[in-house]
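Shown next, in structure tokens, is the structure this report addresses.
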Amino acid sequence: MAEKGRSRRTALKLLAVVTGFFCFPTVSQAKTLATSPLRDNLLRPPGAVMEHHYPGKCIRCGRCVEVCPYHCVELLDIRHGLSAGTPIIDIEKSPCFLCMKCVHVCPTGALLPIEQHETRMGLAVIDHHTCVSWKPDSLLMCKTCYNVCPFRDTAIRMEEFRPHVDERYCTGCGICTNACLINRDQGGKAINVKPIYATIKLPEAPQ
Amino acid sequence: MSLSRRDFIKNTAALTAASYIGMSLPFVAGEASATDVASWHRGTCRLCGTGCRVQLGINSKGTPVAMRGEPKSRTNFGYLCMKGMMFYKIMNHPDRLKMPLYREKKTDKFREISWDKALDIAAQKFAESKQKYGPNSTAYYGSGQCLTEETYLFQKIMRAALQTNNVEGNPRLCMASAVGGYLTSFGADEPIGGYANIEKSSCMFLIGSNMAEAHPVIFRRVMRHKMNNKDKVKIINADPRISATSRIADMHMQFKPGTDLAMLNAMAYTIIDEKLHDEQFIQDYAVFRQGKKVQVDMDTYWQSLQDYTPEKAAAICGGNITAQMIREAARMFAKSDGTMTFWCMGINQRKRGVWANNLIHNLHILTGQLCKEGADSFSLTGQPNACGGVREGGGLCHILPGHRLVAKEKLRNQVEDAWGIPRGRIAPKPGAHTIKMFQQVNSADIKAIWINCTSPAQSLPNVDLYRKGMAREDVFIVTSDIFPTKTTELSNLVLPTAFHFEKTGVYGCTERRSQITPRAVVSPGEARPETWIATEWCARMAKYLNDPVVLQTVKPFLGKEMYVEQPEAIWDEYTQKLTKHRDNDLRGATYKVLKQMADGVQWPAATESYALTGGTVMKFVKGSDPMATSESKDDKPFQFYGPAHADRKLWVWVRPQAGADEEPDAEWPMYLSTGRIIDHWHTTSMTGRIPELMRANPYSFVEINPKDALKHGIKPNDMVEISSRRGKVTMPAKVMEGPIEGMVFAYWHDMHEDRMINKVVKDSFDPGSKEPEFKICACRIKRVSGPKALKPFVV
């Protein structure tokens, strides 16, 4: 009996150690919890400060979420570690329509007041391999991103029947990404907004 | 504690294992074959009048999975727009109607019934209505999206079996003024040339058309031509609104809504004033007309233009129009090697739509910009089969198949003989046109109406007024459609029909081209082709009416296989018997020929061997049109043999400026215009069910000029109420340099009650063509609230 009891205990201990080893955050996992949740098509609201300051500036009050008339600003949940409770816009679900309401309610300056055209949430990038207008020899004429762009003919232009994004004017609002006809199951959107301005300094505003 | 230690350990182990396995599982690959196309089937796109040829891709299970263009087609060269490449997605939509639905009272719930019962009920109701209240208590309201066979068969049944001319269709709402214009100016309906002229033209005049969004594939051809010949090709765009089309224009003429008649007259003035007209052409082929039967000389015409000097016209037109601009446009128009005019609803959907059409034709006749390469007066059609089915097939209250007028006894007799029914069977008086038809529904003079493939409960102007009539319990409504719509909500009997590619039939596009779409897919549930439904319905009516002529109407088609043989028999009867020696001679365009062609056949095409070459590119021109030779009366190269002008001349019309029926005033200070967007089709009953298209444009919005927005305190995306004497809607605003100051522009692709703009639009109509004025009415706007999250809405 004693033999059996011990072996059982040992087995239990062993199991606990193994489970613990896998469950407790490893160094890399701990790092993940501290890193930014931003990635393609997952952006901060307009006027956000640099991403490495953001979790410190934001007090997780949720006012930007409350004020957004389109319900596109969401709060990150506990799985995002350090960034839990901070606002994010998933433009594939609902893009930012640049009403600029959230920037005025932010109490701490995590979101700074900014004009519509000065907003730089990210930069839209067209994937020439999935975009039906860019595919070589394509006979499909799509210009949805151009049609829906709030800065049509400046931020997105049609040249030779193909859309081109001008990085001087693109606000990264994501309306184009949201409207893009290509679905995720077809290899992802053909136009994606990359949050590049979250980590690099903004270029000089265009005159 | 019920959980034993053993269980706990087991659970922990299982959970741990599961979470790790779950995490490391590779992405489950989707059904690999889901998008693999097993075969491609040729057909025609059904989402605008361009007539693009498409190939529908079907997987090994017979499910449609892809759409691509047909590169050999002479209409689109393989290019497709977003609507075209997506519309296969609705074929298997869960909302598809699959069983006949019936309810006695419109307040009841629908219940599923069998086809047998459904057809019996429909037959009984129509027969009873005819017997009790007379033939004109029945009506058919069809569509420019029905196949030619369907329109032809329904009008045959209404005219021969039910003896009423109450045959209408939604082309009355879009093309009637163009028909009126072509008949009064050229004596023959439909354009003289085709798209092939685009690449040969050197000046393009786009008026009242947002081609970039409504006809994207034709616009691509125009754009390509312009981009290849930047200096040689000039494009003039005339529109009260700066649209996506204006982008390629060398000159954009922006005038106050409803003043374009003055502008067109001023262009004619300049052409004659600066001696830019083609005297020889006018002498050979044209006469001048004022009023219905009064012929005048050129001097009288010139006198009538004195009210429209460019200076006077510029004062009328407002906007950015200057006298110099009008002169410049007239010069470009007249001096080019080939001028092509395109117009669409901006000209047609007007109080004086026919006049506006005439004035465009005037410019072409005066300058001789007709019947030569690159020159044409070309009306764009909205729907895929408004030309082929409804205008040629007799789908309107005043016309019979083959461009015959109901009012002419000789022509009626020709049709009666061809159908093998006694002479005098077809009623001599034209029926009720669309607005009158629904007014009669309102007054319950029409007791039984069949609505096929369209949704008047959303598409009629001043729609609330007509919905009241349609909701009456003493009006029996049969609707045949593929999806629930606003109209099925007001119907007693709803019949599920087969969709495009689920049945066989022919569409005739803008450029007189007939193209076949053979069956390639099986319909869901018990959806059936309309031709079968109509045949069976009529056969049952014969029993109730006890009339042998009723059965005779559908006898040649009865009992035939419903997907290929039946439509072929109907097509053969129509083409071989009724287009023979008419200007739309389609005898050569048999199913056999049409199936061989990558595109289709442009009429006239009297023989199969000629039809196999593609038919007639340019009507009336000897050498190009065999009928110009066979119908020739003299040695001139052009023969205008159209049925409406006995003198075989082109008529230049004296037409004064005429504004809208309802001009803005102090109380209703703004112009309201309505229109279309690239991603959607009409009421959105189809495109609204395609998530990809819905994402791009989930609901309608109103375009407001920044100056007006400032005046009314409206910011982008604010909710704005548009109201008129008839109703009000609330939709988000788009503030942009689009519409001219004092005008708002709203889209009508929305089923939501709050945003259905047709509640606001006025139901006045052109006295000639009876086409309603969707494009102009008076309204006022008011900011209601800030931006709001709206939900897309589909019935």
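Lettering and numbering for the structure tokens are positional, with chains as A, B, ... in the shown order, residues counted from 1 in each chain, and ligands counted from 1 in the shown order.
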Interface residues on chain B facing chain A, 8 Å, only C-alpha atoms, written as JSON, numbers by chain: {"B": [16, 68, 69, 78, 79, 80, 81, 82, 85, 692, 693, 695, 696, 697, 716, 717, 787, 788, 789, 790]}
Just the residues within 9 Å of Ala178 (chain B), please, counting only C-alpha atoms, with nothing from its chain fewer than 2 positions along; format it as a PDB file with N, CA and C atoms, in the first residue's frame.
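Below is the file out_26.pdb, written as the result:
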```
ATOM      1  N   CYS B 174     -37.519  53.355 -66.685  1.00  0.00           N
ATOM      2  CA  CYS B 174     -36.143  53.706 -67.041  1.00  0.00           C
ATOM      3  C   CYS B 174     -35.928  54.001 -68.515  1.00  0.00           C
ATOM      4  N   MET B 175     -36.623  53.319 -69.416  1.00  0.00           N
ATOM      5  CA  MET B 175     -36.268  53.471 -70.826  1.00  0.00           C
ATOM      6  C   MET B 175     -37.333  54.126 -71.690  1.00  0.00           C
ATOM      7  N   ALA B 176     -38.536  54.337 -71.161  1.00  0.00           N
ATOM      8  CA  ALA B 176     -39.644  54.773 -72.004  1.00  0.00           C
ATOM      9  C   ALA B 176     -39.333  56.065 -72.756  1.00  0.00           C
ATOM     10  N   GLY B 180     -39.351  56.813 -76.759  1.00  0.00           N
ATOM     11  CA  GLY B 180     -40.060  57.940 -77.352  1.00  0.00           C
ATOM     12  C   GLY B 180     -39.126  58.801 -78.181  1.00  0.00           C
ATOM     13  N   GLY B 181     -37.928  59.048 -77.669  1.00  0.00           N
ATOM     14  CA  GLY B 181     -36.962  59.882 -78.368  1.00  0.00           C
ATOM     15  C   GLY B 181     -36.528  59.256 -79.684  1.00  0.00           C
ATOM     16  N   TYR B 182     -36.175  57.979 -79.644  1.00  0.00           N
ATOM     17  CA  TYR B 182     -35.729  57.310 -80.877  1.00  0.00           C
ATOM     18  C   TYR B 182     -36.850  57.258 -81.912  1.00  0.00           C
ATOM     19  N   LEU B 183     -38.067  56.956 -81.461  1.00  0.00           N
ATOM     20  CA  LEU B 183     -39.174  56.838 -82.413  1.00  0.00           C
ATOM     21  C   LEU B 183     -39.489  58.185 -83.039  1.00  0.00           C
ATOM     22  N   ASP B 189     -36.920  52.445 -82.978  1.00  0.00           N
ATOM     23  CA  ASP B 189     -36.387  52.363 -81.625  1.00  0.00           C
ATOM     24  C   ASP B 189     -34.986  51.746 -81.637  1.00  0.00           C
ATOM     25  N   GLU B 190     -34.230  52.081 -80.614  1.00  0.00           N
ATOM     26  CA  GLU B 190     -32.895  51.556 -80.307  1.00  0.00           C
ATOM     27  C   GLU B 190     -31.782  52.179 -81.157  1.00  0.00           C
ATOM     28  N   CYS B 344     -28.279  58.390 -69.988  1.00  0.00           N
ATOM     29  CA  CYS B 344     -29.027  57.338 -69.320  1.00  0.00           C
ATOM     30  C   CYS B 344     -30.169  57.995 -68.548  1.00  0.00           C
ATOM     31  N   ILE B 347     -31.396  61.829 -68.337  1.00  0.00           N
ATOM     32  CA  ILE B 347     -32.196  62.407 -69.416  1.00  0.00           C
ATOM     33  C   ILE B 347     -33.585  61.751 -69.452  1.00  0.00           C
ATOM     34  N   ASN B 348     -33.617  60.450 -69.223  1.00  0.00           N
ATOM     35  CA  ASN B 348     -34.876  59.722 -69.399  1.00  0.00           C
ATOM     36  C   ASN B 348     -35.883  59.938 -68.278  1.00  0.00           C
ATOM     37  N   GLY B 353     -38.655  64.041 -70.623  1.00  0.00           N
ATOM     38  CA  GLY B 353     -37.581  63.143 -71.028  1.00  0.00           C
ATOM     39  C   GLY B 353     -37.502  62.960 -72.532  1.00  0.00           C
ATOM     40  N   VAL B 354     -38.654  62.849 -73.187  1.00  0.00           N
ATOM     41  CA  VAL B 354     -38.645  62.654 -74.638  1.00  0.00           C
ATOM     42  C   VAL B 354     -38.063  63.881 -75.320  1.00  0.00           C
ATOM     43  N   ASN B 357     -34.375  63.842 -75.013  1.00  0.00           N
ATOM     44  CA  ASN B 357     -33.846  62.876 -75.979  1.00  0.00           C
ATOM     45  C   ASN B 357     -33.814  63.479 -77.381  1.00  0.00           C
ATOM     46  N   ASN B 358     -34.924  64.120 -77.780  1.00  0.00           N
ATOM     47  CA  ASN B 358     -35.000  64.734 -79.104  1.00  0.00           C
ATOM     48  C   ASN B 358     -33.888  65.744 -79.308  1.00  0.00           C
ATOM     49  N   SER B 379     -28.200  55.676 -76.403  1.00  0.00           N
ATOM     50  CA  SER B 379     -28.819  55.663 -75.075  1.00  0.00           C
ATOM     51  C   SER B 379     -28.387  54.404 -74.337  1.00  0.00           C
ATOM     52  N   SER B 769     -43.912  59.857 -72.790  1.00  0.00           N
ATOM     53  CA  SER B 769     -43.427  58.503 -72.563  1.00  0.00           C
ATOM     54  C   SER B 769     -44.005  57.884 -71.299  1.00  0.00           C
TER      55      SER B 769
END
```
Write out as JSON, numbers by chain the residues lying within 12 Å of region 114-120 of chain A, counting only C-alpha atoms and excluding same-chain residues fewer than 3 positions away. {"A": [43, 44, 45, 46, 47, 48, 49, 50, 96, 97, 98, 99, 100, 101, 102, 103, 104, 109, 111, 123, 124, 150, 151, 154, 155, 167, 168, 169, 170, 171, 172, 173, 174, 193, 194, 195, 196, 197, 198, 199, 200, 201, 202, 203, 204, 205, 206, 207], "B": [716]}
Filtered DSSP result for region 165-394 of chain B, state helix (DSSP H, G or I), as a ChimeraX atom specification: /B:170-173,176-186,195-200,211-214,216-228,244-248,260-273,279-285,298-308,310-317,323-335,345-348,353-367,386-393
What residues in region 3-179 of chain A get the DSSP label strand (DSSP E)? Please answer as a PyMOL selection string. chain A and resi 42-43+73-75+87-90+123-126+140-141+156-159+162-165
How about saving the chosen residues, N, CA and C atoms kept, as a compact mmCIF listing (two decimals), in the first residue's frame?
```
# COMPACT_ATOMS: atom_id res chain seq x y z
N LEU A 42 -5.29 45.83 -36.85
CA LEU A 42 -5.67 45.97 -35.45
C LEU A 42 -4.96 47.23 -34.96
N LEU A 43 -5.71 48.31 -34.81
CA LEU A 43 -5.07 49.62 -34.66
C LEU A 43 -5.55 50.35 -33.42
N VAL A 73 -14.60 51.10 -31.60
CA VAL A 73 -13.52 51.01 -30.61
C VAL A 73 -13.89 49.96 -29.57
N GLU A 74 -12.98 49.03 -29.34
CA GLU A 74 -13.22 47.97 -28.35
C GLU A 74 -12.11 48.00 -27.31
N LEU A 75 -12.38 47.38 -26.14
CA LEU A 75 -11.32 47.27 -25.13
C LEU A 75 -10.69 45.88 -25.21
N PRO A 87 -7.91 50.65 -25.57
CA PRO A 87 -8.80 50.57 -26.74
C PRO A 87 -8.07 50.11 -28.01
N ILE A 88 -8.84 49.45 -28.85
CA ILE A 88 -8.28 48.96 -30.12
C ILE A 88 -9.39 49.02 -31.17
N ILE A 89 -9.02 49.20 -32.41
CA ILE A 89 -10.02 49.16 -33.49
C ILE A 89 -9.67 48.01 -34.42
N ASP A 90 -10.58 47.05 -34.49
CA ASP A 90 -10.39 45.94 -35.43
C ASP A 90 -11.09 46.34 -36.72
N LEU A 123 -0.94 52.65 -42.26
CA LEU A 123 -0.82 52.90 -43.70
C LEU A 123 -1.41 51.71 -44.45
N ALA A 124 -2.32 52.01 -45.37
CA ALA A 124 -2.92 50.94 -46.17
C ALA A 124 -1.92 50.46 -47.21
N VAL A 125 -1.77 49.16 -47.30
CA VAL A 125 -0.83 48.58 -48.26
C VAL A 125 -1.58 47.56 -49.10
N ILE A 126 -1.45 47.68 -50.41
CA ILE A 126 -2.17 46.77 -51.29
C ILE A 126 -1.32 45.53 -51.57
N LEU A 140 -10.83 41.33 -63.98
CA LEU A 140 -11.81 41.79 -63.03
C LEU A 140 -11.51 43.24 -62.67
N MET A 141 -12.53 44.07 -62.74
CA MET A 141 -12.32 45.49 -62.52
C MET A 141 -12.91 45.87 -61.18
N ILE A 156 -6.16 57.36 -52.10
CA ILE A 156 -6.12 56.25 -53.06
C ILE A 156 -6.45 56.81 -54.43
N ARG A 157 -5.60 56.52 -55.39
CA ARG A 157 -5.83 56.97 -56.76
C ARG A 157 -5.89 55.77 -57.68
N MET A 158 -6.64 55.91 -58.77
CA MET A 158 -6.66 54.86 -59.77
C MET A 158 -5.71 55.28 -60.89
N GLU A 159 -4.74 54.42 -61.16
CA GLU A 159 -3.84 54.69 -62.26
C GLU A 159 -3.81 53.45 -63.13
N ARG A 162 -5.75 50.56 -61.82
CA ARG A 162 -5.34 49.88 -60.60
C ARG A 162 -5.25 50.88 -59.45
N PRO A 163 -5.61 50.46 -58.25
CA PRO A 163 -5.54 51.38 -57.13
C PRO A 163 -4.11 51.56 -56.63
N HIS A 164 -3.77 52.78 -56.27
CA HIS A 164 -2.47 53.09 -55.67
C HIS A 164 -2.71 53.89 -54.40
N VAL A 165 -2.01 53.52 -53.33
CA VAL A 165 -2.15 54.28 -52.08
C VAL A 165 -1.03 55.31 -52.01
```
If we count only C-alpha atoms, what is near Gly85 (chain A) at a cut-off of 8 Å, once residues fewer than 2 positions away on the same chain are taken out, given as a ChimeraX atom specification? /A:60,62,75-78,83,87
Shell of 12 Å around Lys312 (chain B), only C-alpha atoms, local chain residues under 2 positions omitted, as a PyMOL selection string: chain B and resi 259+262-263+265-267+269+305-310+314-318+321-324+326+657
Resulting file, chosen residues, N, CA and C atoms, as a PDB file, in the first residue's frame:
```pdb
ATOM      1  N   THR B 259     -32.258  72.233 -66.446  1.00  0.00           N
ATOM      2  CA  THR B 259     -32.046  73.293 -67.434  1.00  0.00           C
ATOM      3  C   THR B 259     -31.274  72.801 -68.652  1.00  0.00           C
ATOM      4  N   ALA B 262     -32.346  73.786 -72.310  1.00  0.00           N
ATOM      5  CA  ALA B 262     -31.862  75.081 -72.799  1.00  0.00           C
ATOM      6  C   ALA B 262     -30.420  74.960 -73.271  1.00  0.00           C
ATOM      7  N   MET B 263     -29.609  74.210 -72.511  1.00  0.00           N
ATOM      8  CA  MET B 263     -28.208  74.058 -72.862  1.00  0.00           C
ATOM      9  C   MET B 263     -28.050  73.338 -74.213  1.00  0.00           C
ATOM     10  N   ASN B 265     -30.284  73.187 -76.610  1.00  0.00           N
ATOM     11  CA  ASN B 265     -30.741  74.100 -77.654  1.00  0.00           C
ATOM     12  C   ASN B 265     -29.671  75.132 -77.976  1.00  0.00           C
ATOM     13  N   ALA B 266     -28.981  75.607 -76.941  1.00  0.00           N
ATOM     14  CA  ALA B 266     -27.929  76.595 -77.170  1.00  0.00           C
ATOM     15  C   ALA B 266     -26.774  75.991 -77.964  1.00  0.00           C
ATOM     16  N   MET B 267     -26.502  74.706 -77.730  1.00  0.00           N
ATOM     17  CA  MET B 267     -25.461  74.045 -78.538  1.00  0.00           C
ATOM     18  C   MET B 267     -25.899  73.982 -79.992  1.00  0.00           C
ATOM     19  N   TYR B 269     -27.915  76.072 -81.389  1.00  0.00           N
ATOM     20  CA  TYR B 269     -27.818  77.455 -81.872  1.00  0.00           C
ATOM     21  C   TYR B 269     -26.397  77.734 -82.349  1.00  0.00           C
ATOM     22  N   LEU B 305     -34.724  78.941 -82.076  1.00  0.00           N
ATOM     23  CA  LEU B 305     -33.508  78.860 -81.255  1.00  0.00           C
ATOM     24  C   LEU B 305     -33.057  80.232 -80.745  1.00  0.00           C
ATOM     25  N   GLN B 306     -33.713  81.316 -81.225  1.00  0.00           N
ATOM     26  CA  GLN B 306     -33.283  82.653 -80.815  1.00  0.00           C
ATOM     27  C   GLN B 306     -33.415  82.874 -79.308  1.00  0.00           C
ATOM     28  N   ASP B 307     -34.318  82.124 -78.677  1.00  0.00           N
ATOM     29  CA  ASP B 307     -34.448  82.242 -77.217  1.00  0.00           C
ATOM     30  C   ASP B 307     -33.282  81.552 -76.500  1.00  0.00           C
ATOM     31  N   TYR B 308     -32.483  80.824 -77.247  1.00  0.00           N
ATOM     32  CA  TYR B 308     -31.431  80.022 -76.609  1.00  0.00           C
ATOM     33  C   TYR B 308     -30.060  80.362 -77.159  1.00  0.00           C
ATOM     34  N   THR B 309     -29.756  81.644 -77.248  1.00  0.00           N
ATOM     35  CA  THR B 309     -28.375  81.994 -77.562  1.00  0.00           C
ATOM     36  C   THR B 309     -27.543  81.532 -76.378  1.00  0.00           C
ATOM     37  N   PRO B 310     -26.263  81.245 -76.602  1.00  0.00           N
ATOM     38  CA  PRO B 310     -25.441  80.769 -75.476  1.00  0.00           C
ATOM     39  C   PRO B 310     -25.529  81.691 -74.261  1.00  0.00           C
ATOM     40  N   ALA B 314     -26.885  80.345 -70.808  1.00  0.00           N
ATOM     41  CA  ALA B 314     -25.985  80.326 -69.645  1.00  0.00           C
ATOM     42  C   ALA B 314     -26.677  80.935 -68.435  1.00  0.00           C
ATOM     43  N   ALA B 315     -27.507  81.979 -68.706  1.00  0.00           N
ATOM     44  CA  ALA B 315     -28.236  82.605 -67.599  1.00  0.00           C
ATOM     45  C   ALA B 315     -29.275  81.638 -67.030  1.00  0.00           C
ATOM     46  N   ILE B 316     -29.893  80.853 -67.898  1.00  0.00           N
ATOM     47  CA  ILE B 316     -30.891  79.879 -67.422  1.00  0.00           C
ATOM     48  C   ILE B 316     -30.210  78.745 -66.652  1.00  0.00           C
ATOM     49  N   CYS B 317     -29.089  78.280 -67.187  1.00  0.00           N
ATOM     50  CA  CYS B 317     -28.463  77.056 -66.662  1.00  0.00           C
ATOM     51  C   CYS B 317     -27.793  77.250 -65.304  1.00  0.00           C
ATOM     52  N   GLY B 318     -27.245  78.434 -65.067  1.00  0.00           N
ATOM     53  CA  GLY B 318     -26.557  78.649 -63.793  1.00  0.00           C
ATOM     54  C   GLY B 318     -25.343  77.744 -63.673  1.00  0.00           C
ATOM     55  N   ILE B 321     -21.807  77.159 -65.958  1.00  0.00           N
ATOM     56  CA  ILE B 321     -21.988  77.297 -67.403  1.00  0.00           C
ATOM     57  C   ILE B 321     -21.795  78.744 -67.849  1.00  0.00           C
ATOM     58  N   THR B 322     -20.938  78.905 -68.834  1.00  0.00           N
ATOM     59  CA  THR B 322     -20.778  80.220 -69.458  1.00  0.00           C
ATOM     60  C   THR B 322     -21.088  80.074 -70.939  1.00  0.00           C
ATOM     61  N   ALA B 323     -21.377  81.203 -71.578  1.00  0.00           N
ATOM     62  CA  ALA B 323     -21.671  81.161 -73.011  1.00  0.00           C
ATOM     63  C   ALA B 323     -20.480  80.565 -73.767  1.00  0.00           C
ATOM     64  N   GLN B 324     -19.304  80.940 -73.324  1.00  0.00           N
ATOM     65  CA  GLN B 324     -18.099  80.452 -73.986  1.00  0.00           C
ATOM     66  C   GLN B 324     -18.004  78.929 -73.900  1.00  0.00           C
ATOM     67  N   ILE B 326     -20.481  76.763 -73.594  1.00  0.00           N
ATOM     68  CA  ILE B 326     -21.467  76.141 -74.489  1.00  0.00           C
ATOM     69  C   ILE B 326     -20.920  76.146 -75.917  1.00  0.00           C
ATOM     70  N   GLN B 657     -37.282  74.895 -73.766  1.00  0.00           N
ATOM     71  CA  GLN B 657     -36.810  74.529 -72.423  1.00  0.00           C
ATOM     72  C   GLN B 657     -38.017  74.232 -71.553  1.00  0.00           C
TER      73      GLN B 657
END
```
Contacts of region 473-489 of chain B at 9 Å (only C-alpha atoms; same-chain gap of 2+ positions) as JSON, numbers by chain: {"B": [95, 96, 97, 98, 104, 105, 106, 107, 122, 125, 126, 441, 442, 444, 445, 446, 447, 448, 449, 450, 451, 452, 453, 454, 455, 456, 457, 458, 467, 469, 470, 471, 491, 492, 493, 494, 495, 496, 497, 498, 499, 527, 530, 683, 685, 686, 751, 794, 795]}
Which residue gives the smallest distance to Trp134 (chain A) among A:Val17, A:Leu38, A:Ala190, A:Cys64, with only C-alpha atoms counted?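 For Trp134 (chain A), the nearest of the candidates is A:Ala190.
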Applying 6 Å and only C-alpha atoms, which residues near region 246-248 of chain B remain after dropping the ones on its own chain fewer than 3 positions away? List them as a compact mmCIF listing (two decimals) with C-alpha atoms, in the first residue's frame.
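Printed below is result23.txt as written:
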```txt
# COMPACT_ATOMS: atom_id res chain seq x y z
CA ASN B 237 -19.49 65.53 -69.24
CA ILE B 242 -19.70 65.92 -60.28
CA SER B 243 -19.54 62.14 -60.31
```
What gap, in Å, lies between CA of Met731 (chain B) and CA of Arg241 (chain B)?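 Between CA of Met731 (chain B) and CA of Arg241 (chain B) the gap works out to 19.2 Å.
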If you measure from CA of Asp708 (chain B) to CA of Val720 (chain B), what distance in Å do you get, rounded to one decimal?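 Spanning CA of Asp708 (chain B) to CA of Val720 (chain B) is a straight-line distance of 12.3 Å.
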